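S.K.: My structure is in input_3.tsv, and what it holds is TSV, C-alpha atoms:
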chain	number	residue	atom	x	y	z
A	1	MET	CA	4.18	-13.39	9.72
A	2	ARG	CA	5.01	-15.95	12.40
A	3	TRP	CA	3.71	-13.70	15.20
A	4	LEU	CA	0.42	-13.33	13.31
A	5	LEU	CA	-0.02	-17.10	13.24
A	6	ILE	CA	0.87	-17.40	16.94
A	7	ALA	CA	-1.58	-14.62	17.83
A	8	GLY	CA	-4.32	-16.28	15.77
A	9	ILE	CA	-3.76	-19.61	17.49
A	10	GLY	CA	-3.81	-17.87	20.87
A	11	VAL	CA	-7.15	-16.20	20.13
A	12	VAL	CA	-8.67	-19.51	19.02
A	13	VAL	CA	-7.38	-21.34	22.13
A	14	VAL	CA	-8.79	-18.69	24.52
A	15	TRP	CA	-12.07	-18.68	22.60
A	16	LEU	CA	-12.40	-22.48	22.81
A	17	LEU	CA	-11.53	-22.47	26.51
A	18	ALA	CA	-14.26	-19.90	27.16
A	19	VAL	CA	-16.77	-22.07	25.30
A	20	LEU	CA	-15.73	-25.14	27.32
A	21	VAL	CA	-16.07	-23.24	30.60
A	22	LEU	CA	-19.56	-22.08	29.64
A	23	LEU	CA	-20.54	-25.66	28.75
A	24	TRP	CA	-19.11	-26.90	32.05
A	25	LEU	CA	-21.19	-24.27	33.88
A	26	GLY	CA	-24.31	-25.45	32.05
A	27	ARG	CA	-24.71	-22.30	29.93
A	28	LYS	CA	-25.32	-24.12	26.62
A	29	THR	CA	-27.10	-21.29	24.81
A	30	LEU	CA	-24.41	-18.77	25.69
A	31	ALA	CA	-21.70	-21.29	24.76
A	32	ARG	CA	-23.35	-21.82	21.35
A	33	GLU	CA	-23.49	-18.06	20.72
A	34	LEU	CA	-19.85	-17.65	21.72
A	35	MET	CA	-18.85	-20.66	19.60
A	36	THR	CA	-20.25	-19.00	16.48
A	37	LEU	CA	-19.24	-15.42	17.34
A	38	LEU	CA	-15.67	-15.51	16.03
A	39	PRO	CA	-16.51	-17.10	12.66
A	40	ASN	CA	-19.49	-14.76	12.28
A	41	LEU	CA	-17.33	-11.70	13.00
A	42	VAL	CA	-14.76	-12.85	10.45
A	43	ARG	CA	-17.52	-13.28	7.84
A	44	LEU	CA	-19.00	-9.92	8.81
A	45	PHE	CA	-15.72	-8.02	8.38
A	46	ARG	CA	-14.93	-9.88	5.13
A	47	GLY	CA	-18.37	-9.00	3.78
A	48	LEU	CA	-18.05	-5.36	4.83
A	49	LEU	CA	-14.66	-5.10	3.12
A	50	GLY	CA	-16.22	-6.22	-0.15
A	51	ASP	CA	-19.38	-4.12	0.09
A	52	GLU	CA	-19.53	-1.02	-2.11
A	53	ARG	CA	-21.84	0.68	0.41
A	54	VAL	CA	-18.98	0.84	2.92
A	55	PRO	CA	-16.69	3.85	2.35
A	56	ARG	CA	-13.04	3.21	1.56
A	57	SER	CA	-11.93	4.99	4.72
A	58	SER	CA	-14.02	2.57	6.79
A	59	LYS	CA	-12.54	-0.38	4.91
A	60	ALA	CA	-9.05	0.91	5.68
A	61	LEU	CA	-9.96	1.16	9.37
A	62	LEU	CA	-11.33	-2.39	9.28
A	63	LEU	CA	-8.03	-3.63	7.90
A	64	LEU	CA	-6.02	-1.70	10.51
A	65	GLY	CA	-8.33	-3.02	13.20
A	66	ALA	CA	-7.81	-6.59	12.02
A	67	VAL	CA	-4.05	-6.09	12.28
A	68	TRP	CA	-4.48	-4.60	15.77
A	69	LEU	CA	-6.64	-7.51	16.94
A	70	ALA	CA	-4.23	-10.09	15.54
A	71	SER	CA	-1.14	-8.35	16.89
A	72	PRO	CA	0.51	-9.92	19.94
A	73	ILE	CA	1.48	-6.42	21.14
A	74	ASP	CA	-1.31	-4.93	23.26
A	75	LEU	CA	-1.81	-1.98	25.56
A	76	ILE	CA	-3.08	-4.45	28.18
A	77	PRO	CA	-1.30	-7.84	28.09
A	78	GLU	CA	-3.60	-10.76	27.22
A	79	PHE	CA	-2.35	-12.87	30.11
A	80	LEU	CA	-4.01	-10.60	32.71
A	81	PRO	CA	-7.23	-12.42	33.62
A	82	GLY	CA	-10.42	-10.50	33.08
A	83	VAL	CA	-8.86	-7.37	31.60
A	84	GLY	CA	-6.41	-8.77	29.06
A	85	ALA	CA	-8.81	-8.54	26.14
A	86	MET	CA	-10.14	-5.10	27.11
A	87	ASP	CA	-8.15	-3.11	24.56
A	88	ASP	CA	-9.16	-5.52	21.78
A	89	ALA	CA	-12.82	-5.30	22.79
A	90	VAL	CA	-12.66	-1.49	22.79
A	91	VAL	CA	-11.04	-1.44	19.33
A	92	ALA	CA	-13.63	-3.90	17.94
A	93	GLY	CA	-16.48	-1.87	19.43
A	94	LEU	CA	-15.14	1.40	18.02
A	95	LEU	CA	-14.70	-0.19	14.59
A	96	LEU	CA	-18.23	-1.52	14.59
A	97	ARG	CA	-19.59	1.83	15.73
A	98	HIS	CA	-17.67	3.65	12.98
A	99	VAL	CA	-18.86	1.31	10.23
A	100	VAL	CA	-22.48	1.52	11.38
A	101	LYS	CA	-22.32	5.32	11.51
A	102	ARG	CA	-20.78	5.54	8.03
A	103	ALA	CA	-22.59	2.73	6.19
A	104	GLY	CA	-25.65	2.16	8.36
A	105	PRO	CA	-26.91	-0.66	10.55
A	106	ASP	CA	-28.71	-2.32	7.64
A	107	VAL	CA	-25.41	-2.86	5.81
A	108	VAL	CA	-23.92	-4.51	8.89
A	109	LYS	CA	-27.04	-6.63	9.41
A	110	ASP	CA	-26.97	-7.69	5.73
A	111	HIS	CA	-23.56	-9.30	6.29
A	112	TRP	CA	-24.30	-10.87	9.68
A	113	ARG	CA	-24.77	-14.66	9.40
A	114	GLY	CA	-25.38	-15.38	13.07
A	115	ASP	CA	-28.32	-15.03	15.41
A	116	PRO	CA	-30.03	-11.65	14.85
A	117	ARG	CA	-30.17	-11.17	18.63
A	118	THR	CA	-26.36	-11.32	18.78
A	119	ILE	CA	-25.83	-8.55	16.23
A	120	GLY	CA	-28.45	-6.54	18.10
A	121	LEU	CA	-26.43	-6.97	21.30
A	122	LEU	CA	-23.21	-6.04	19.49
A	123	LEU	CA	-24.79	-2.90	18.05
A	124	ARG	CA	-26.12	-1.92	21.47
A	125	ALA	CA	-22.70	-2.61	23.02
A	126	ALA	CA	-21.15	-0.33	20.40
A	127	ARG	CA	-23.71	2.27	21.52
A	128	VAL	CA	-25.17	2.76	18.09
A	129	SER	CA	-28.62	4.32	18.20
A	130	SER	CA	-31.07	4.80	15.36
A	131	THR	CA	-30.32	8.53	15.41
A	132	ASP	CA	-26.61	7.80	14.85
A	133	ALA	CA	-27.43	5.78	11.76
A	134	SER	CA	-29.98	8.23	10.34
A	135	SER	CA	-27.62	11.21	10.69
A	136	ARG	CA	-24.80	9.57	8.74
A	137	PRO	CA	-23.71	11.13	5.46
A	138	SER	CA	-24.49	9.23	2.31
A	139	VAL	CA	-21.67	7.17	0.79
A	140	GLY	CA	-21.78	9.08	-2.49
A	141	SER	CA	-21.25	12.51	-0.90
Could you rewrite the structure in this file as structure tokens?

M.R.:
Amino acid sequence: MRWLLIAGIGVVVVWLLAVLVLLWLGRKTLARELMTLLPNLVRLFRGLLGDERVPRSSKALLLLGAVWLASPIDLIPEFLPGVGAMDDAVVAGLLLRHVVKRAGPDVVKDHWRGDPRTIGLLLRAARVSSTDASSRPSVGS
């Protein structure tokens, strides 16, 4: 449990440093979006876990993904500048893509509390197209 707390503190510190660097560079809009990204993602995943439209298998993957992201053990060590968070970003993107394919983009958008442009960027980054969402099986089948 201690490593989970340390990992959480580490993520928050890196996140805050990135926001401060963006502010220092004069990128206020980008800094504001980054400042709200982490809390919005936490609310998104919490909402998806409680939504009956999301299949149980997807909820299990969300929980495993949360453990992966919080874990201090990574395929690429976090201390490597520029690439340290790559494995976490790939896992988060794959999780988002899976949930959108299984439950649909509207379910994800229903739980997003941030700027609609940001979730649009996240969905595009996860390479989710409208055909992916329309070809998904229904939750009841």

S.K.: Please measure the separation of atom CA of Val107 of chain A and atom CA of Thr29 of chain A, giving the value in Å to one decimal.

M.R.: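 Here the two named atoms are 26.5 Å from each other.
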
S.K.: Distance atom CA of Ile119 of chain A-atom CA of Ile6 of chain A, one decimal place?

M.R.: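 The value is 28.1 Å.
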
S.K.: Go ahead and compute the interatomic distance for atom CA of Lys101 of chain A and atom CA of Leu34 of chain A, in Å to one decimal.

M.R.: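 Separating atom CA of Lys101 of chain A from atom CA of Leu34 of chain A is a distance of 25.3 Å.
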
S.K.: Hey, what's within 8 Å of segment 51-57 of chain A if we count all atoms listed in the file and toss same-chain stuff fewer than 6 positions away? As JSON, numbers by chain, please?

M.R.: {"A": [99, 102, 103, 107, 139]}

S.K.: I'd like the neighbourhood of Ala92 of chain A as a tab-separated table (two decimals) with C-alpha atoms, keeping the file's coordinate frame, where a residue qualifies if any of its atoms comes within 9 Å (using all atoms listed in the file), though same-chain residues fewer than 5 positions away should be ignored.

M.R.:
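So the final result, stored in out35.tsv, reads:
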chain	number	residue	atom	x	y	z
A	65	GLY	CA	-8.33	-3.02	13.20
A	66	ALA	CA	-7.81	-6.59	12.02
A	69	LEU	CA	-6.64	-7.51	16.94
A	87	ASP	CA	-8.15	-3.11	24.56
A	97	ARG	CA	-19.59	1.83	15.73
A	126	ALA	CA	-21.15	-0.33	20.40
